[in-house]
Amino acid sequence: MERAVFLTVLHRLFVSGSDRSCDRWHRDYVIDGVDALSLHHLYRAMAFPGEELADQKDRTPFAPRCTKDVIEEDLFLARRDLFSGLDCVFFDTTSIYFEGEGGATIGELGHSKDHRPDLNQMVVGVILDDHGQPVCCEMWPGNTADVTTLVPVIKRLRSRFAIGRICIVSDRGMISAETMAYLEEEKIPYILGARMRRSKKVKEEVLSRAGRYREVHPEGSSAKDPSPLKVKEVMVDGRRYIVCLNEKQARKDAADRQAIIDSLEEKLKTNPKSLVGNKGYRKYLKLEKAGHCFEWADIKQDLKALQEITIEDRGKTLMIRSECLGTFGKIFQAVGVAIPSTIREAA
């Protein structure tokens, strides 16, 4: 069992791929104790951490307590000393979809972050400490909503690892009124990303407040320099907000939005009435005596939600764009205005 787990982890670190790929890969290398292993050993080794335990104490509402939970707890205790703790933990989730008949027990249809809503998926959550070391992971059915996961995870963390004080850092997908009420009732410090587009308070009060930004990272001259960052503190109704500004990215986003809108305006001069009958587009239209006019403020608001990051992988520079929200993407498609692909290689 130990050799099979070691081999699969080693393969994932060096090459990555399926267990079947691992079974072929290891034949080209000298690895102690793996010569007698076959493909079915690798399958069984990966199934072992997911076996249910008889003791279901501290399970979440979404999945049973498994062997992997005991392994995580033993590893945490092995590293623990007098000063160990989890003063700050980072929590995030993603989805993994199944091909074919995979995911028989945990696979469900749900919100796909891989843009494959037609396939069964599972939700994977990971918790890191403030040194970037993994503490534990969670595996849930694919229809589990992010917003429902944070409170059960916090309760389980405190029970499993005997933690007293803890600070939670998570993204905006975990926010709900119930979650924040629980954190404040339990006096658990937290840092949560804000929903800028959907929260009226954030849009109208937090972002509009005057105040001086403090520079954390200046704008660098090379790609390896940290991204420029300015921050300011805003207090609204006794709640502390930290507003972050990347002026370099803001300039780029503004230029991209204006270029798209200019192109859309040019296209609309030909036949804008073709969009009037579609109720999905109607939210952007207002009637005028001379005809129809688009509500550019709404389109710009949707465009502001687009985010793009640059990553370097094996000598290639890749541009990754976030998902198009709202209905402006359909408008662009209808009038023939192209939006950059989700993943593309930089020239």
# chains A, B, ... in the order shown; residues from 1 in each chain; ligands from 1
call {"tool": "residues_around", "arguments": {"residues": "Glu184 in chain A", "least_positions_apart": "5", "cutoff": "12 Å", "atoms": "only C-alpha atoms", "output": "list of chain:residue names"}}
result
A:Val151, A:Cys167, A:Ile168, A:Ala177, A:Glu178, A:Thr179, A:Pro189, A:Tyr190, A:Ile191, A:Arg239
call {"tool": "write_last_selection", "arguments": {"atoms": "C-alpha atoms", "output": "PDB file, in the first residue's frame"}}
result
ATOM      1  CA  VAL A 151     -19.491  27.019   8.425  1.00  0.00           C
ATOM      2  CA  CYS A 167      -8.850  33.370  11.411  1.00  0.00           C
ATOM      3  CA  ILE A 168     -10.625  32.416   8.195  1.00  0.00           C
ATOM      4  CA  ALA A 177     -25.644  36.545   5.789  1.00  0.00           C
ATOM      5  CA  GLU A 178     -25.868  33.306   7.766  1.00  0.00           C
ATOM      6  CA  THR A 179     -22.128  32.657   7.433  1.00  0.00           C
ATOM      7  CA  PRO A 189     -11.890  36.686  12.924  1.00  0.00           C
ATOM      8  CA  TYR A 190     -12.388  36.527   9.174  1.00  0.00           C
ATOM      9  CA  ILE A 191     -11.240  38.074   5.898  1.00  0.00           C
ATOM     10  CA  ARG A 239     -17.593  46.727   9.400  1.00  0.00           C
TER      11      ARG A 239
END
call {"tool": "residues_around", "arguments": {"residues": "Arg116 in chain A", "least_positions_apart": "5", "cutoff": "10 Å", "atoms": "only C-alpha atoms", "output": "PyMOL selection string"}}
result
chain A and resi 96-98+109-111+121
call {"tool": "write_last_selection", "arguments": {"atoms": "C-alpha atoms", "output": "PDB file, in the first residue's frame"}}
result
ATOM      1  CA  ILE A  96     -13.517  18.356 -11.059  1.00  0.00           C
ATOM      2  CA  TYR A  97     -15.677  16.722 -13.711  1.00  0.00           C
ATOM      3  CA  PHE A  98     -15.929  13.043 -14.627  1.00  0.00           C
ATOM      4  CA  LEU A 109     -24.545  17.916 -11.865  1.00  0.00           C
ATOM      5  CA  GLY A 110     -23.807  21.383 -10.496  1.00  0.00           C
ATOM      6  CA  HIS A 111     -22.189  24.741 -11.190  1.00  0.00           C
ATOM      7  CA  GLN A 121     -18.626  16.527 -11.090  1.00  0.00           C
TER       8      GLN A 121
END
call {"tool": "select_by_dssp", "arguments": {"residues": "range 25-153 of chain A", "states": "strand (DSSP E or B)", "output": "PyMOL selection string"}}
result
chain A and resi 52+66+89-97+108+121-129+134-141
call {"tool": "select_by_dssp", "arguments": {"residues": "range 57-226 of chain A", "states": "helix (DSSP H, G or I)", "output": "PyMOL selection string"}}
result
chain A and resi 67-79+146-148+150-160+172-174+177-185+200-206
call {"tool": "write_last_selection", "arguments": {"atoms": "N, CA and C atoms", "output": "compact mmCIF listing (two decimals), in the first residue's frame"}}
result
# COMPACT_ATOMS: atom_id res chain seq x y z
N THR A 67 -10.98 7.45 5.71
CA THR A 67 -9.61 7.15 6.14
C THR A 67 -8.69 8.34 5.96
N LYS A 68 -8.88 9.10 4.90
CA LYS A 68 -8.00 10.25 4.65
C LYS A 68 -8.08 11.27 5.79
N ASP A 69 -9.21 11.36 6.49
CA ASP A 69 -9.33 12.29 7.62
C ASP A 69 -8.39 11.89 8.75
N VAL A 70 -8.28 10.60 9.02
CA VAL A 70 -7.37 10.12 10.07
C VAL A 70 -5.93 10.41 9.68
N ILE A 71 -5.59 10.20 8.41
CA ILE A 71 -4.23 10.48 7.94
C ILE A 71 -3.90 11.95 8.12
N GLU A 72 -4.82 12.84 7.75
CA GLU A 72 -4.59 14.28 7.91
C GLU A 72 -4.37 14.67 9.36
N GLU A 73 -5.17 14.11 10.23
CA GLU A 73 -5.04 14.43 11.66
C GLU A 73 -3.74 13.92 12.24
N ASP A 74 -3.32 12.72 11.83
CA ASP A 74 -2.04 12.17 12.31
C ASP A 74 -0.86 13.00 11.81
N LEU A 75 -0.93 13.45 10.56
CA LEU A 75 0.15 14.28 10.01
C LEU A 75 0.22 15.62 10.74
N PHE A 76 -0.93 16.20 11.07
CA PHE A 76 -0.94 17.47 11.79
C PHE A 76 -0.35 17.30 13.18
N LEU A 77 -0.72 16.23 13.85
CA LEU A 77 -0.18 15.98 15.19
C LEU A 77 1.31 15.70 15.15
N ALA A 78 1.78 15.04 14.09
CA ALA A 78 3.22 14.74 13.98
C ALA A 78 4.04 16.02 13.83
N ARG A 79 3.47 17.04 13.21
CA ARG A 79 4.19 18.30 13.01
C ARG A 79 3.97 19.28 14.15
N ASP A 146 -20.93 26.47 -2.83
CA ASP A 146 -19.81 27.01 -2.05
C ASP A 146 -20.28 27.73 -0.80
N VAL A 147 -21.38 28.47 -0.93
CA VAL A 147 -21.82 29.32 0.16
C VAL A 147 -22.25 28.52 1.39
N THR A 148 -22.55 27.22 1.20
CA THR A 148 -23.00 26.39 2.32
C THR A 148 -21.86 25.64 3.01
N LEU A 150 -18.63 26.82 4.20
CA LEU A 150 -17.66 27.43 5.10
C LEU A 150 -17.93 27.12 6.57
N VAL A 151 -19.18 27.26 7.01
CA VAL A 151 -19.49 27.02 8.43
C VAL A 151 -19.21 25.58 8.84
N PRO A 152 -19.66 24.55 8.09
CA PRO A 152 -19.32 23.17 8.48
C PRO A 152 -17.81 22.92 8.51
N VAL A 153 -17.07 23.52 7.59
CA VAL A 153 -15.62 23.34 7.57
C VAL A 153 -14.98 23.94 8.82
N ILE A 154 -15.43 25.12 9.23
CA ILE A 154 -14.88 25.76 10.42
C ILE A 154 -15.14 24.91 11.66
N LYS A 155 -16.38 24.45 11.81
CA LYS A 155 -16.73 23.62 12.96
C LYS A 155 -15.87 22.36 12.99
N ARG A 156 -15.66 21.76 11.84
CA ARG A 156 -14.89 20.52 11.77
C ARG A 156 -13.42 20.77 12.05
N LEU A 157 -12.89 21.89 11.57
CA LEU A 157 -11.48 22.23 11.84
C LEU A 157 -11.22 22.33 13.33
N ARG A 158 -12.08 23.05 14.01
CA ARG A 158 -11.85 23.28 15.45
C ARG A 158 -11.95 21.98 16.24
N SER A 159 -12.82 21.10 15.81
CA SER A 159 -12.99 19.84 16.52
C SER A 159 -11.87 18.85 16.20
N ARG A 160 -11.53 18.73 14.92
CA ARG A 160 -10.55 17.71 14.50
C ARG A 160 -9.15 18.02 15.00
N ARG A 172 -15.14 35.48 -2.23
CA ARG A 172 -16.50 36.02 -2.16
C ARG A 172 -17.57 34.96 -2.36
N GLY A 173 -17.21 33.80 -2.95
CA GLY A 173 -18.19 32.74 -3.16
C GLY A 173 -18.69 32.13 -1.87
N MET A 174 -17.99 32.37 -0.75
CA MET A 174 -18.38 31.77 0.53
C MET A 174 -19.27 32.68 1.37
N ALA A 177 -25.30 35.89 4.52
CA ALA A 177 -25.64 36.54 5.79
C ALA A 177 -25.54 35.57 6.95
N GLU A 178 -25.93 34.31 6.71
CA GLU A 178 -25.87 33.31 7.77
C GLU A 178 -24.42 33.00 8.16
N THR A 179 -23.54 32.94 7.16
CA THR A 179 -22.13 32.66 7.43
C THR A 179 -21.50 33.76 8.28
N MET A 180 -21.74 35.00 7.90
CA MET A 180 -21.14 36.11 8.63
C MET A 180 -21.74 36.22 10.04
N ALA A 181 -23.02 35.93 10.16
CA ALA A 181 -23.64 35.96 11.50
C ALA A 181 -23.02 34.90 12.41
N TYR A 182 -22.74 33.71 11.85
CA TYR A 182 -22.12 32.65 12.65
C TYR A 182 -20.70 33.05 13.08
N LEU A 183 -19.92 33.60 12.15
CA LEU A 183 -18.54 33.99 12.47
C LEU A 183 -18.52 35.05 13.57
N GLU A 184 -19.42 36.01 13.50
CA GLU A 184 -19.44 37.08 14.49
C GLU A 184 -19.98 36.58 15.84
N GLU A 185 -20.95 35.67 15.79
CA GLU A 185 -21.47 35.11 17.03
C GLU A 185 -20.41 34.29 17.77
N LYS A 200 -24.98 46.13 -3.09
CA LYS A 200 -25.28 47.55 -3.26
C LYS A 200 -24.45 48.39 -2.29
N LYS A 201 -24.26 47.88 -1.09
CA LYS A 201 -23.48 48.63 -0.10
C LYS A 201 -22.05 48.83 -0.57
N VAL A 202 -21.45 47.78 -1.15
CA VAL A 202 -20.07 47.89 -1.62
C VAL A 202 -19.98 48.86 -2.78
N LYS A 203 -20.89 48.74 -3.74
CA LYS A 203 -20.84 49.60 -4.92
C LYS A 203 -21.08 51.06 -4.58
N GLU A 204 -22.09 51.32 -3.74
CA GLU A 204 -22.51 52.71 -3.53
C GLU A 204 -21.86 53.38 -2.34
N GLU A 205 -21.41 52.61 -1.36
CA GLU A 205 -20.84 53.24 -0.17
C GLU A 205 -19.35 53.00 -0.02
N VAL A 206 -18.91 51.75 -0.13
CA VAL A 206 -17.50 51.44 0.11
C VAL A 206 -16.61 52.01 -0.98
call {"tool": "atom_distance", "arguments": {"atom1": "CA of Ala145 in chain A", "atom2": "CA of Ile188 in chain A"}}
result
22.0 Å
call {"tool": "closest_residue", "arguments": {"among": "A:Thr149, A:Leu318, A:Asp256, A:Ile242", "to": "Phe62 in chain A", "atoms": "only C-alpha atoms"}}
result
A:Thr149
call {"tool": "atom_distance", "arguments": {"atom1": "CA of Val243 in chain A", "atom2": "CA of Asp225 in chain A"}}
result
21.4 Å
call {"tool": "residues_around", "arguments": {"residues": "Pro226 in chain A", "least_positions_apart": "6", "cutoff": "10 Å", "atoms": "only C-alpha atoms", "output": "PyMOL selection string"}}
result
chain A and resi 216-220
call {"tool": "atom_distance", "arguments": {"atom1": "CA of Glu186 in chain A", "atom2": "CA of Asp129 in chain A"}}
result
20.3 Å
call {"tool": "closest_residue", "arguments": {"among": "A:Ser170, A:Thr310, A:Ser227, A:Trp25", "to": "Arg344 in chain A", "atoms": "only C-alpha atoms"}}
result
A:Thr310
